[in-house]
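Structure first, then comments.
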Amino acid sequence: MSETALNQALLQAAVDALPTDDLSAMRRAAVASFAQMGFPTLGQEDWKYTSLATTAELSNAWLGSLPLGGKAAATDRTEELIASVRDSIDAHWLVVRDGFADSGAAAIGEAGIRISGISADESLHPGSDDPMSVFNAALLRDGLKFSIAANAVPKKPVGILFIDDPSNAVAQTRVIVDVGADARLQLIECSLSAGPGRQFTNAVTGIELARGARLDHVRIQNRDHAHTGVSRISASLDRDACLFSNNFDLGGALTRNDIVIGINGPGASVNLTGLYLADDKQHIDNHTSILHNIGPAISAEEYRGIMAGRSQCVFNGKVVVAKGADGTDSSQTNHNLLLSERAEIDTKPELEIYADDVKCAHGATVGQLDEGAIFYLRSRGLALAQARQLLTRAFAAGTLGTLSIGECHDFLTRLLDQRLESLVGGQSCPT
Amino acid sequence: MLEVRNLKAGIAGNEILTGLNLSVDAGEVHAIMGPNGSGKSTFALVIAGQPDYEVTGGTVAFDGRDLLSLEPEERAREGIFLGFQYPVEIPGVNNAYLLKAAVNARRRHAGLDEIDAFEFLKLAREKMAVLDMDQAFLNRGVNEGFSGGEKKRNEILQMAMLEPRLAILDETDSGLDIDALKAVAKGVNALRNPEHAIVLVTHYQRLLDYIEPDFVHVLSNGRIVRSGDKTLALKLEERGYEWVREAANA
C-alpha cells in the first residue's frame, strides 16, 4: 500500500499565492528543494516506525483551501492558557500562535538579549538536508531569533509559548538561538493546543553556542491528543560550550522529535534528557544524534518513557565519534516502563566510533512495575492504585531531578502528576 | 486476636503450609522457629496477603473477621504489620512520604484525622531516636542504598510509627550486628503492651535473649509440631532442629 504523499502542485500554488514579504524568495527556493524530497516515508530507515501519511492528507486538504490563513483569533481558552503558564513559570514569555509571534515580543527588558524576526538567509539553515525542515521553510511566514551578546547572563529564563488552534490545520514555527561567547541563556519552549482537533505543527529550532556559551533548554509538549507534531532541534557547540536539554512529551496523537547536536569544539559538553508519557494510541518517536566531531568532549543522554494503553513509542539514539575525536566520553541510556501488554517501545542505540581513545557506554531497559515493590507498599496500607501511581511517578521523577531550569519544576510536576494519574488510572486492575 | 486453623497454602502448585494452627492473643509475644524451608516466611507472607501465595485450605480470623478475604492494604489498615525479611528498595519514593502515607492510611481507616507535617516529623524524630537512626534516612529513597542493618531498622521504624495491633517480624534479626540487634529489640519491646501482639519469625535463639517471648513454636514441614515457653528455644539451640523432627515423626 502506497502512502499518501504531499501534493507538490498544491504546495507550489499555495506558496505562490502567499503575499510577498522578506521570506518570499526563500520559500520559493525551499519549494523547489522539497520537490526533490517529499515527506519521509516508512521505507526510510529513520522513519520506519512513524508514518506521516495522515499528516500529508491533512496538509493537502489545507493547502487546497486557499488562501492560507494567518493565525486564528485568540479565544478565551487561549488567554487562559497564556495566563496559566505565565503564572506558573517565572520567565519572560513570548507567545507564538499558529506560527505567528504576537506583536510586542521584541521587548523583554533584559540587557544583552536581542529578539528579532528571522531573515531569508538564515531561514534555510539549519536542516537544509532534512525534508521536514525544508517543508517548514517553504511555508514559513514568521519566526523568532534570539541573539545573546557575549558575556551576557540574563536574570530570568526566556519562555516561548506555542499555542496552536486546530481551526488552522497546519502551522510552521522556527526559532533561531545564537548564544555569544561566555553568555548564558535559559530557554523554555512550551507547546499547547488551544482546543481539541486535528492539527499539524512542524517546528524547527536552530541553536548556535559560541565559545564557553551555555544554553539551558527545556521543551515541554502537552498538546491535544489529536495533534501531530514534528520537531527538529539542531545545535552546534563551539569550544567549552555547554548544552543542557530537557525534553518532555506528554501530549499529541503523533509526535516525532529529531535532535541533532554537533560538538564542534574541544571541552564542550552535552546533557540531554527526555521523558515521554503515552497512552491510548499515542505515538511518540524520539530520534537523537550526537555528533562528536572533535574531542575531548562529554555527552550524557538519558531518555525515559512510560507507556500505557496501546501507545507506541520509539527511541533511536545515535552517537557518532568522528575520526580524531579522541577524549570523547559519551553515555546514553533509555529506560522504559510498560504499563499495559499492548503498549510498545522500539528502542535502538546506535554507536559509530571512528576514534581510538574514547569512552562510550549505552544501555536500554524495558520493564513493568516491580510487583515486589507494589506488595511492599500495599503491606503498608497504600491502595493498589496509589502504589502503582507512586512507583510510576518515581520512575518519571528521575528526569525532574536533572531539570536545568528550576522555574519549570512545579509546573512540570503538576503536569506529570495529571498525566500519570490518567496513565495509571487507565490500567486494568487484576481481580 | 489471631486464630489460624488448619492453614494450607503454597506457591506455584507447591504446598508449603500443610495445616498450621496458631492462636495469638493481645499482649502476647510469640516466637516461631524452624529450620530453613519449614514455611516460616510463607506463613508471614500469607498473613500479610502476598498475592503470589495461594491459600488452599483452613481459616485465619483476625478479631473474629475473615482475614483471608481482605486485600493486603486492608489488612495493614486493620493493624497487621509485616516486617520483611528482605525489605524492598524503592528508588524515587521518599522514605518520609511513605511513612506519612502509611500512617495516614491507617488513621483514615480508623476514622481519625490525618496527621499533619509538623506532628509527623515530631513523631518520626522521637521514634528514630529510640532506634538510634540518623534523621537523614527520612529524606532518602525507601531502603535505597541502605545496608542490611539499616533496612531492618527502617522496618522497625515503620512498625513504631504504625503501632500495629499485630506485628509479624520475618527474620528481622538475620544479618544484624549486635548494636543493630539491640536497637531492633528496643523498638520491638517499646511496642510491647496489653493491646499489641508480636510474632517473631526467627531461625536463631539469639534475638530471644533481647525480646523474651511468652510462647515458642517450632515449625516443621509447614505446621507447628511443638509449642512451649521460652525454654523450648534454649532446648532447640542445644539439641538442634533434628531433635524436633524426630519428635514430630515419633
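Labels for the C-alpha cells follow display order: chains A, B, ..., residues from 1 in each chain, ligands from 1.
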
- Message: Could you go through segment 148-348 of chain A and tell me which residues DSSP, when run on the backbone, assigns to strand (DSSP E), listing them as a PyMOL selection string?
- Response: chain A and resi 148+158-164+170-179+184-193+199-209+214-222+227-237+242-249+254-263+269-278+283-292+297-307+312-321+328-338+344-348

Counting only C-alpha atoms, a student should be able to say which residues of chain A come within 9 Å of chain B; what is the right answer, written as a CSV table (one decimal) with C-alpha atoms, in the first residue's frame?
```csv
chain,number,residue,atom,x,y,z
A,372,GLY,CA,7.6,-6.8,44.9
A,373,ALA,CA,7.6,-3.1,45.4
A,375,PHE,CA,3.2,-5.5,47.6
A,376,TYR,CA,5.6,-3.8,49.9
A,377,LEU,CA,3.7,-0.5,49.6
A,378,ARG,CA,0.3,-2.3,49.9
A,379,SER,CA,1.5,-4.0,53.1
A,380,ARG,CA,2.0,-0.5,54.5
A,381,GLY,CA,-1.7,0.3,53.8
A,382,LEU,CA,-1.4,2.1,50.4
A,383,ALA,CA,-4.1,1.2,47.9
A,384,LEU,CA,-3.1,-0.7,44.8
A,390,LEU,CA,3.8,6.2,43.3
A,391,LEU,CA,6.1,3.8,41.6
A,393,ARG,CA,5.9,8.7,39.4
A,394,ALA,CA,9.2,7.6,41.0
A,395,PHE,CA,10.2,6.3,37.6
A,396,ALA,CA,9.4,9.6,35.9
A,397,ALA,CA,10.8,11.7,38.7
A,398,GLY,CA,14.3,10.8,37.7
```

- Query: Any idea what's packed within 8 Å of segment 66-76 of chain A, counting only C-alpha atoms, ignoring anything in its chain fewer than 5 positions away? Could you give it as a VMD selection string?
  - Reply: chain A and resid 14 17 to 18 97 to 100 165 167 to 168 194

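Counting only C-alpha atoms and comparing B:Arg192, B:Arg125, B:Arg140, B:Lys182, the residue that lies closest to Leu157 of chain B is B:Arg125.
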
- Taking only C-alpha atoms into account, which of B:Asn36, B:Ser174, B:Asn95, B:Asn21 comes nearest Asn154 of chain B? B:Asn95

Give one line per residue of segment 154-223 of chain B that approaches segment 62-65 of chain B to at most 12 Å, naming the two atoms of the closest pair and their distance in Å to one decimal, counting only C-alpha atoms; sort by chain then ascending residue number and deliver it as a tab-separated table.
```
residue	atom	partner	partner_atom	distance
B:Arg165	CA	B:Phe62	CA	10.2
B:Leu166	CA	B:Phe62	CA	9.4
B:Ala197	CA	B:Phe62	CA	11.7
```

Just C-alpha atoms for this one: save the residues we selected as an mmCIF file, in the first residue's frame.
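Contents of selection05.cif, as written:
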```cif
data_model
loop_
_atom_site.group_PDB
_atom_site.id
_atom_site.type_symbol
_atom_site.label_atom_id
_atom_site.label_comp_id
_atom_site.auth_asym_id
_atom_site.auth_seq_id
_atom_site.Cartn_x
_atom_site.Cartn_y
_atom_site.Cartn_z
ATOM 1 C CA ARG B 165 -2.071 -4.433 66.677
ATOM 2 C CA LEU B 166 -0.233 -7.466 65.330
ATOM 3 C CA ALA B 197 0.727 -8.776 69.851
#
```

- Task: Name all residues at most 7 Å from segment 148-151 of chain B (count only C-alpha atoms; drop same-chain ones fewer than 4 positions away) and give them as a list in words.
- Result: Pro87, Asn143, Glu155, Gly175, Leu176 and Ala180 of chain B
